[in-house]
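Q: Below is the file final_27.txt, which contains compact mmCIF, C-alpha atoms.
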# COMPACT_ATOMS: atom_id res chain seq x y z
CA MET Q 1 5.67 32.65 10.39
CA ALA Q 2 3.78 30.12 12.51
CA ARG Q 3 0.64 30.66 10.43
CA TYR Q 4 2.61 30.18 7.24
CA VAL Q 5 4.11 26.90 8.51
CA LEU Q 6 0.67 25.66 9.54
CA ARG Q 7 -0.76 26.58 6.15
CA ARG Q 8 2.05 24.75 4.38
CA LEU Q 9 1.50 21.68 6.53
CA LEU Q 10 -2.20 21.67 5.65
CA LEU Q 11 -1.39 22.06 1.95
CA MET Q 12 0.72 18.91 2.14
CA ILE Q 13 -2.46 16.87 2.55
CA PRO Q 14 -3.96 17.53 -0.92
CA THR Q 15 -0.46 17.43 -2.43
CA LEU Q 16 0.20 13.98 -1.03
CA PHE Q 17 -3.28 12.84 -2.05
CA GLY Q 18 -2.76 13.98 -5.63
CA ILE Q 19 0.66 12.37 -5.96
CA MET Q 20 -0.46 9.07 -4.49
CA THR Q 21 -3.60 9.04 -6.65
CA VAL Q 22 -1.50 9.38 -9.80
CA ASN Q 23 0.84 6.62 -8.63
CA PHE Q 24 -2.09 4.36 -7.74
CA LEU Q 25 -3.58 4.72 -11.22
CA ILE Q 26 -0.22 4.13 -12.90
CA MET Q 27 0.33 0.95 -10.90
CA GLN Q 28 -3.13 -0.34 -11.73
CA LEU Q 29 -2.65 0.30 -15.46
CA ALA Q 30 0.87 -1.11 -15.66
CA PRO Q 31 1.05 -4.62 -17.12
CA GLY Q 32 2.03 -7.43 -14.80
CA GLY Q 33 0.85 -7.08 -11.22
CA PRO Q 34 1.22 -8.96 -7.94
CA VAL Q 35 -1.19 -11.70 -9.03
CA GLU Q 36 0.87 -12.37 -12.14
CA ARG Q 37 3.98 -12.47 -9.95
CA PHE Q 38 2.39 -15.13 -7.76
CA LEU Q 39 1.33 -17.11 -10.79
CA SER Q 40 4.86 -17.05 -12.16
CA GLU Q 41 6.17 -18.43 -8.87
CA LEU Q 42 3.89 -21.43 -9.17
CA THR Q 43 6.21 -23.02 -11.71
CA GLY Q 44 9.12 -23.13 -9.27
CA GLY Q 45 7.81 -22.77 -5.73
CA ALA Q 46 4.24 -23.97 -5.39
CA SER Q 47 4.65 -25.41 -1.92
CA ASP Q 48 6.10 -22.19 -0.53
CA LEU Q 49 3.40 -20.20 -2.25
CA GLU Q 50 0.59 -22.30 -0.85
CA SER Q 51 1.99 -21.94 2.67
CA ARG Q 52 1.92 -18.15 2.30
CA LEU Q 53 -1.58 -18.23 0.91
CA SER Q 54 -2.85 -20.08 3.96
CA ASP Q 55 -1.91 -17.08 6.13
CA GLY Q 56 -3.74 -14.55 3.99
CA LEU Q 57 -7.17 -16.05 3.39
CA SER Q 58 -10.25 -13.94 4.07
CA ASP Q 59 -14.00 -14.23 3.66
CA SER Q 60 -14.14 -12.16 0.45
CA THR Q 61 -15.29 -13.62 -2.86
CA ALA Q 62 -13.26 -13.54 -6.07
CA SER Q 63 -14.23 -12.83 -9.64
CA PRO Q 64 -15.86 -15.82 -11.32
CA ASP Q 65 -13.82 -15.20 -14.47
CA ALA Q 66 -10.44 -15.22 -12.70
CA THR Q 67 -9.07 -17.97 -14.95
CA SER Q 68 -9.60 -15.81 -18.04
CA ILE Q 69 -7.89 -12.66 -16.70
CA TYR Q 70 -4.35 -13.90 -16.16
CA ARG Q 71 -2.15 -15.31 -18.87
CA GLY Q 72 -1.01 -18.85 -18.19
CA ALA Q 73 -3.64 -19.49 -15.49
CA GLU Q 74 -5.95 -21.76 -17.50
CA ARG Q 75 -4.50 -24.94 -16.00
CA LEU Q 76 -4.60 -23.75 -12.39
CA PRO Q 77 -7.47 -24.57 -10.03
CA PRO Q 78 -9.95 -21.66 -9.82
CA GLU Q 79 -9.87 -21.96 -6.03
CA LEU Q 80 -6.15 -21.19 -5.99
CA LEU Q 81 -6.66 -18.06 -8.09
CA GLU Q 82 -9.46 -16.95 -5.79
CA GLU Q 83 -7.19 -17.38 -2.78
CA ILE Q 84 -4.45 -15.33 -4.44
CA GLU Q 85 -6.85 -12.51 -5.27
CA ARG Q 86 -8.38 -12.51 -1.79
CA MET Q 87 -4.99 -12.43 -0.10
CA LEU Q 88 -3.76 -9.53 -2.25
CA GLY Q 89 -7.04 -7.62 -2.13
CA PHE Q 90 -7.69 -7.86 -5.87
CA ASP Q 91 -11.10 -9.41 -5.35
CA LYS Q 92 -12.42 -5.88 -4.69
CA PRO Q 93 -13.42 -3.31 -7.32
CA LEU Q 94 -10.91 -0.63 -8.29
CA HIS Q 95 -12.65 2.19 -6.40
CA GLU Q 96 -12.77 0.15 -3.19
CA ARG Q 97 -9.06 -0.65 -3.47
CA PHE Q 98 -8.35 3.05 -4.03
CA VAL Q 99 -10.30 4.17 -0.94
CA ASP Q 100 -8.72 1.44 1.16
CA THR Q 101 -5.22 2.44 -0.01
CA MET Q 102 -5.74 6.14 0.71
CA VAL Q 103 -7.14 5.44 4.18
CA ARG Q 104 -4.18 3.22 4.99
CA LEU Q 105 -1.69 5.83 3.80
CA ALA Q 106 -3.42 8.58 5.78
CA THR Q 107 -3.08 6.51 8.97
CA PHE Q 108 0.44 5.27 8.12
CA ASP Q 109 -0.90 1.73 8.03
CA PHE Q 110 1.09 0.33 5.10
CA GLY Q 111 0.03 -3.25 5.70
CA LYS Q 112 2.23 -6.26 5.09
CA SER Q 113 4.59 -6.87 2.21
CA PHE Q 114 3.26 -9.20 -0.48
CA PHE Q 115 6.52 -11.06 -0.95
CA ARG Q 116 8.44 -10.45 2.31
CA ASP Q 117 7.44 -11.87 5.64
CA ALA Q 118 7.43 -8.49 7.38
CA ARG Q 119 5.31 -5.42 7.98
CA VAL Q 120 5.95 -2.64 5.49
CA VAL Q 121 6.33 0.03 8.18
CA ASP Q 122 9.11 -2.02 9.79
CA LEU Q 123 10.94 -2.33 6.46
CA VAL Q 124 10.61 1.41 5.78
CA LEU Q 125 11.74 2.46 9.26
CA GLU Q 126 14.71 0.12 8.95
CA ARG Q 127 15.82 1.74 5.66
CA ILE Q 128 15.09 5.43 6.38
CA PRO Q 129 18.25 6.09 8.46
CA VAL Q 130 20.46 4.82 5.64
CA SER Q 131 18.99 7.07 2.93
CA VAL Q 132 18.58 10.13 5.14
CA SER Q 133 22.09 9.91 6.59
CA LEU Q 134 23.59 9.43 3.13
CA GLY Q 135 21.66 12.42 1.77
CA LEU Q 136 22.44 14.65 4.77
CA TRP Q 137 26.16 13.91 4.83
CA SER Q 138 26.49 14.39 1.08
CA THR Q 139 24.59 17.69 1.12
CA LEU Q 140 26.57 18.93 4.14
CA LEU Q 141 29.87 18.11 2.45
CA ILE Q 142 28.78 19.82 -0.77
CA TYR Q 143 27.87 23.02 1.05
CA LEU Q 144 30.95 23.03 3.29
CA VAL Q 145 33.21 22.84 0.23
CA SER Q 146 31.21 24.76 -2.37
CA ILE Q 147 30.46 27.94 -0.40
CA PRO Q 148 34.07 28.82 0.57
CA LEU Q 149 35.29 27.80 -2.89
CA GLY Q 150 32.64 29.90 -4.66
CA MET Q 151 33.41 32.90 -2.44
CA ARG Q 152 37.13 32.63 -3.18
CA MET Q 153 36.43 32.37 -6.91
CA ALA Q 154 34.28 35.50 -6.76
CA ALA Q 155 36.96 37.39 -4.82
CA ARG Q 156 39.55 36.41 -7.45
CA ARG Q 157 37.37 36.79 -10.52
CA GLY Q 158 39.22 36.29 -13.78
CA GLY Q 159 42.39 35.01 -12.14
CA ALA Q 160 44.15 31.68 -12.51
CA PHE Q 161 42.42 30.26 -9.42
CA ASP Q 162 38.98 31.24 -10.70
CA THR Q 163 39.61 29.76 -14.14
CA GLY Q 164 41.08 26.51 -12.82
CA ALA Q 165 38.29 26.03 -10.30
CA GLN Q 166 35.64 26.56 -12.99
CA ILE Q 167 37.25 23.93 -15.22
CA LEU Q 168 37.48 21.48 -12.32
CA THR Q 169 33.85 21.93 -11.30
CA LEU Q 170 32.65 21.50 -14.87
CA VAL Q 171 34.64 18.27 -15.25
CA THR Q 172 33.33 16.78 -11.98
CA SER Q 173 29.77 17.76 -12.87
CA ALA Q 174 30.03 15.83 -16.13
CA ILE Q 175 30.99 12.56 -14.41
CA PRO Q 176 28.00 10.46 -13.22
CA ALA Q 177 27.87 9.62 -9.52
CA PHE Q 178 27.92 5.87 -10.16
CA LEU Q 179 31.11 6.17 -12.22
CA ILE Q 180 32.74 8.18 -9.43
CA ALA Q 181 31.67 5.43 -7.03
CA VAL Q 182 33.33 2.78 -9.20
CA LEU Q 183 36.53 4.83 -9.41
CA LEU Q 184 36.60 5.29 -5.64
CA ILE Q 185 36.19 1.55 -5.15
CA VAL Q 186 39.00 0.81 -7.62
CA PHE Q 187 41.39 3.22 -5.92
CA PHE Q 188 40.45 3.06 -2.23
CA ALA Q 189 38.36 -0.07 -1.50
CA GLY Q 190 40.57 -2.97 -2.50
CA GLY Q 191 40.18 -2.61 -6.25
CA ARG Q 192 43.64 -2.29 -7.84
CA PHE Q 193 45.42 0.11 -5.51
CA LEU Q 194 44.58 0.85 -1.87
CA ASP Q 195 42.36 -1.03 0.58
CA TRP Q 196 41.51 1.73 3.01
CA PHE Q 197 37.70 1.61 3.11
CA PRO Q 198 35.07 -1.15 3.27
CA LEU Q 199 33.05 -2.03 0.22
CA ARG Q 200 29.73 -3.13 1.68
CA GLY Q 201 27.24 -1.96 4.28
CA LEU Q 202 26.89 1.04 6.55
CA VAL Q 203 28.48 -0.55 9.63
CA SER Q 204 30.60 -3.59 10.41
CA ASP Q 205 29.11 -6.93 11.44
CA ASP Q 206 30.34 -6.51 15.02
CA TRP Q 207 29.10 -2.91 15.30
CA SER Q 208 26.71 -3.65 18.17
CA SER Q 209 29.55 -5.01 20.33
CA LEU Q 210 31.75 -1.92 19.90
CA SER Q 211 32.00 1.03 22.27
CA TRP Q 212 30.23 4.24 21.29
CA PRO Q 213 33.39 6.04 20.07
CA ALA Q 214 34.28 2.95 18.05
CA ARG Q 215 30.73 2.79 16.64
CA ILE Q 216 30.93 6.39 15.46
CA ALA Q 217 34.33 5.81 13.89
CA ASP Q 218 33.12 2.62 12.21
CA TYR Q 219 30.04 4.38 10.82
CA LEU Q 220 32.11 7.28 9.44
CA TRP Q 221 34.56 4.79 7.97
CA HIS Q 222 31.77 3.05 6.03
CA ILE Q 223 29.94 6.22 4.96
CA THR Q 224 33.02 7.99 3.55
CA LEU Q 225 33.13 6.55 0.04
CA PRO Q 226 29.35 6.63 -0.62
CA THR Q 227 29.23 10.24 0.60
CA LEU Q 228 32.17 11.26 -1.59
CA ALA Q 229 30.64 9.51 -4.61
CA MET Q 230 27.41 11.48 -4.24
CA ALA Q 231 29.09 14.77 -3.31
CA ILE Q 232 31.80 15.05 -5.96
CA GLY Q 233 29.31 15.26 -8.78
CA GLY Q 234 27.22 17.79 -6.85
CA PHE Q 235 29.93 20.37 -6.21
CA GLY Q 236 29.81 22.07 -9.62
CA PRO Q 237 26.32 23.62 -9.70
CA LEU Q 238 26.54 24.98 -6.15
CA VAL Q 239 30.06 26.34 -6.62
CA LEU Q 240 29.01 28.26 -9.71
CA MET Q 241 25.80 29.43 -8.03
CA THR Q 242 27.78 30.72 -5.05
CA ARG Q 243 30.33 32.43 -7.27
CA ASN Q 244 27.67 34.16 -9.36
CA ALA Q 245 25.62 35.18 -6.32
CA PHE Q 246 28.62 36.85 -4.67
CA LEU Q 247 29.72 38.48 -7.92
CA ASP Q 248 26.23 39.92 -8.37
CA GLU Q 249 26.22 41.36 -4.85
CA LEU Q 250 29.79 42.68 -5.10
CA GLY Q 251 28.78 44.81 -8.07
CA LYS Q 252 25.86 46.52 -6.32
CA THR Q 253 25.79 50.12 -5.15
CA TYR Q 254 25.79 49.45 -1.39
CA VAL Q 255 29.06 47.50 -1.68
CA MET Q 256 30.75 50.23 -3.69
CA ALA Q 257 29.52 52.78 -1.14
CA ALA Q 258 30.99 50.73 1.68
CA ARG Q 259 34.30 50.49 -0.17
CA ALA Q 260 34.25 54.27 -0.74
CA ARG Q 261 33.83 54.80 3.01
CA GLY Q 262 37.06 52.88 3.57
CA ALA Q 263 35.84 49.32 4.15
CA SER Q 264 38.41 46.71 3.17
CA PRO Q 265 37.48 44.03 0.60
CA ARG Q 266 37.31 41.44 3.39
CA VAL Q 267 34.98 43.57 5.52
CA ALA Q 268 32.79 44.36 2.53
CA LEU Q 269 32.59 40.66 1.66
CA TRP Q 270 31.72 39.32 5.12
CA LYS Q 271 29.77 42.23 6.63
CA HIS Q 272 27.79 43.50 3.65
CA VAL Q 273 27.71 40.82 0.95
CA PHE Q 274 27.64 37.51 2.78
CA ARG Q 275 24.07 37.50 4.12
CA ASN Q 276 22.45 38.71 0.90
CA ALA Q 277 24.42 36.31 -1.28
CA MET Q 278 23.89 33.36 1.07
CA LEU Q 279 20.13 33.85 0.87
CA ILE Q 280 20.29 32.97 -2.82
CA VAL Q 281 22.58 30.01 -2.16
CA MET Q 282 20.50 28.57 0.69
CA THR Q 283 17.32 28.58 -1.35
CA GLY Q 284 18.86 25.72 -3.32
CA LEU Q 285 19.39 23.60 -0.19
CA PRO Q 286 16.01 21.80 -0.29
CA GLY Q 287 16.44 20.95 -3.96
CA ALA Q 288 19.97 19.66 -3.38
CA LEU Q 289 18.89 17.43 -0.49
CA ILE Q 290 15.86 16.11 -2.35
CA GLY Q 291 18.06 15.39 -5.35
CA MET Q 292 20.39 13.38 -3.14
CA LEU Q 293 17.49 11.40 -1.69
CA PHE Q 294 15.67 10.75 -4.95
CA ALA Q 295 18.16 10.72 -7.81
CA SER Q 296 21.69 9.77 -6.80
CA GLY Q 297 20.88 7.54 -3.84
CA LEU Q 298 19.60 4.48 -5.71
CA LEU Q 299 22.73 3.65 -7.72
CA ILE Q 300 25.03 4.46 -4.80
CA GLU Q 301 23.01 2.17 -2.54
CA VAL Q 302 23.26 -0.63 -5.11
CA ILE Q 303 27.01 -0.20 -5.67
CA PHE Q 304 27.89 -0.05 -1.98
CA SER Q 305 25.22 -2.56 -0.87
CA LEU Q 306 23.44 -0.05 1.35
CA ASP Q 307 19.90 -1.04 2.34
CA GLY Q 308 18.21 2.32 1.87
CA LEU Q 309 14.80 3.49 0.71
CA GLY Q 310 15.92 3.87 -2.89
CA LEU Q 311 17.03 0.26 -3.15
CA LEU Q 312 13.93 -0.90 -1.27
CA GLY Q 313 11.62 0.93 -3.67
CA PHE Q 314 13.52 -0.38 -6.69
CA GLU Q 315 13.26 -3.97 -5.51
CA ALA Q 316 9.57 -3.47 -4.71
CA SER Q 317 8.95 -2.15 -8.23
CA LEU Q 318 10.66 -5.14 -9.83
CA GLY Q 319 8.70 -7.53 -7.63
CA ARG Q 320 5.36 -5.69 -8.00
CA ASP Q 321 5.15 -5.44 -4.22
CA TYR Q 322 2.48 -2.73 -4.14
CA PRO Q 323 2.43 -2.05 -0.37
CA LEU Q 324 6.20 -1.49 -0.40
CA MET Q 325 5.99 0.65 -3.53
CA PHE Q 326 3.30 2.89 -2.03
CA ALA Q 327 5.16 3.16 1.27
CA THR Q 328 8.48 4.19 -0.29
CA ILE Q 329 6.88 6.72 -2.65
CA TYR Q 330 4.77 8.13 0.17
CA THR Q 331 7.74 8.40 2.55
CA LEU Q 332 10.08 10.02 0.01
CA THR Q 333 7.36 12.47 -1.09
CA LEU Q 334 6.60 13.44 2.50
CA LEU Q 335 10.31 13.91 3.21
CA GLY Q 336 10.60 16.12 0.14
CA LEU Q 337 7.72 18.35 1.22
CA LEU Q 338 9.10 18.68 4.74
CA VAL Q 339 12.56 19.54 3.42
CA ASN Q 340 11.09 22.28 1.22
CA LEU Q 341 9.29 23.72 4.24
CA ALA Q 342 12.50 23.57 6.27
CA GLY Q 343 14.24 25.48 3.48
CA ASP Q 344 11.74 28.34 3.82
CA VAL Q 345 12.32 28.45 7.58
CA VAL Q 346 16.09 28.59 7.04
CA SER Q 347 15.60 31.50 4.62
CA VAL Q 348 13.80 33.46 7.34
CA LEU Q 349 16.57 32.73 9.83
CA ILE Q 350 19.16 34.03 7.37
CA ASP Q 351 17.19 37.13 6.43
CA PRO Q 352 14.50 38.23 8.95
CA ARG Q 353 13.20 40.73 6.39
CA ILE Q 354 11.43 37.87 4.61
CA ASP Q 355 7.75 37.80 5.59
CA PHE Q 356 5.95 34.71 4.32
CA ALA Q 357 2.73 35.75 5.99
CA ALA Q 358 2.63 38.83 3.76
CA GLY Q 359 3.48 36.77 0.70
CA GLN Q 360 6.91 38.33 0.34
CA ARG Q 361 10.07 36.39 -0.43
Turn this file's structure into C-alpha cells for me.
A:
Amino acid sequence: MARYVLRRLLLMIPTLFGIMTVNFLIMQLAPGGPVERFLSELTGGASDLESRLSDGLSDSTASPDATSIYRGAERLPPELLEEIERMLGFDKPLHERFVDTMVRLATFDFGKSFFRDARVVDLVLERIPVSVSLGLWSTLLIYLVSIPLGMRMAARRGGAFDTGAQILTLVTSAIPAFLIAVLLIVFFAGGRFLDWFPLRGLVSDDWSSLSWPARIADYLWHITLPTLAMAIGGFGPLVLMTRNAFLDELGKTYVMAARARGASPRVALWKHVFRNAMLIVMTGLPGALIGMLFASGLLIEVIFSLDGLGLLGFEASLGRDYPLMFATIYTLTLLGLLVNLAGDVVSVLIDPRIDFAAGQR
C-alpha cells in the first residue's frame, strides 16, 4: 500500500503539469488580458495606476511595437505601456513566461496579485478553510443521511416508504443548489418568514472576542444554511446508489445461505451485506467531495457572501488576475488529486482484500 501511495503521489506531478499547461495556453489565447485591464483603468484611475506601476518596475525591456498591440493605446505614452508590460511580465517571450510560471507553481511561489495589494499565497491560504469546511460539512451531512436512508429503502423494497423516498430524492435532485439557497434564505434568514440564521459570512464580526465554545457555536450557526443548500441537492444520487448497492448484495448467494442457516434479516444486513455494499458507496466519496469543492461551492459562496476559493477564482477570472487564477486552479486541482488518493486508502480500510500493489480493486 505504501508503494502504491508513493507511486500515486509521483504521478500527480505530470498530471498537475499537464493541467496547468493547458490552462496557461488557454489564458494566453483568451482575448483581453491583464495589460488590457490596466489600460481600461487609465480612463478612470490613472493616478492610482501610476502609483502601483512605480512599485513594479524592473530592468527588462518592452516590445518596441507595444502601442500597436493593444486596442485604445495609441494615445498613451510608449513609456507607460512599457512599464505596464514590465510589471506584469509581458515583456518576455511566451516560452519564458511559461517556464517561469511552471517553476513558480512547482515551488508554491504564486507571486503577487496584479490588482490586489497582497501576496497570492496569503489570499489562497485565507480562503482555503472556507471552501474546504463547506465541502467537508456538506459531504459529511450527505453521507450521514443518505446511507441510513438508502439501507432502509433497500430493506423495505417496493413498500410505501421506498416509493415515497425515491420520489423525494428525485425532486430534491432536480432543484439547483442556488435555488435551494434562496429558498432557505427566504424561510430562515430574515426573508419573509423566520430570522433564525445569519445571511452573510462564516463567523460574526466579534468572533475573535468570544470564548471557544461560543466560537464553535457561532461558526456552526453561520455554516448551517450554506451546508444545507449544498447537501439537499446532493442527497438523491447517493441515496439511490446506496439503495441499489444493498439490493444487489441482498440478492447474492452468500446472503441467501446465511438466511437459510437461520440468520435474521438484521444480522444478514449488518454482518454480511454492509461491508461489501459500503465499498461501492464509499468509492463515490472522492467524486462527491470534489463536486462540492468545484461545482456547487461558487454560487453558494456568492449567495451567502463566503470568501472561499471558488469566489476568489471567479473574481480573478473576471479581473484577468493571472497569478490568482493560476493559484486557485492549481490549489483546487491538487486538492482533487489528494482527495482521490484518500478515497483509495479508505477503500482499503473498508475492505483489506483490496491490493493496489497487485493492481486489484
Q: Q:Ile175, Q:Ala263, Q:Val345, Q:Leu312: which is nearest Q:Phe326, counting all atoms listed in the file?
A: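 Distance minimum relative to Q:Phe326 lands on Q:Leu312.
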Q: Record the distance separating atom CA of Q:Gly236 and atom CA of Q:Tyr143, expressed in Å with one decimal.
A: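 Spanning atom CA of Q:Gly236 to atom CA of Q:Tyr143 is a straight-line distance of 10.9 Å.
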Q: With the cut-off set at 12 Å and counting all atoms listed in the file, tabulate each residue of stretch 80-153 of chain Q with an atom at most that distance from an atom of stretch 2-22 of chain Q, showing the nearest atom pair and its distance in Å to one decimal, ordered by chain and increasing number, as a tab-separated table.
A:
residue	atom	partner	partner_atom	distance
Q:His95	CA	Q:Thr21	CA	11.4
Q:Arg97	CA	Q:Thr21	CA	11.6
Q:Phe98	CA	Q:Thr21	CA	8.1
Q:Val99	CA	Q:Thr21	CA	10.1
Q:Thr101	CA	Q:Met20	CA	9.3
Q:Met102	CA	Q:Phe17	CA	7.7
Q:Val103	CA	Q:Phe17	CA	10.4
Q:Arg104	CA	Q:Met20	CA	11.7
Q:Leu105	CA	Q:Met20	CA	9.0
Q:Ala106	CA	Q:Phe17	CA	8.9
Q: So what do you get for atom CA of Q:Thr333 versus atom CA of Q:Leu134, distance-wise?
A: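 A separation of 17.0 Å between them.
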Q: What's the 9 Å shell around stretch 181-192 of chain Q, counting only C-alpha atoms, without same-chain residues fewer than 4 positions away, as a ChimeraX atom specification?
A: /Q:176-177,196-199,225-226,228-230,300,303-304
Q: Hey, what's within 12 Å of Q:Leu324 if we count only C-alpha atoms and toss same-chain stuff fewer than 5 positions away? As a PyMOL selection string, please?
A: chain Q and resi 34+105+109-116+118-125+127+309-319+329-331
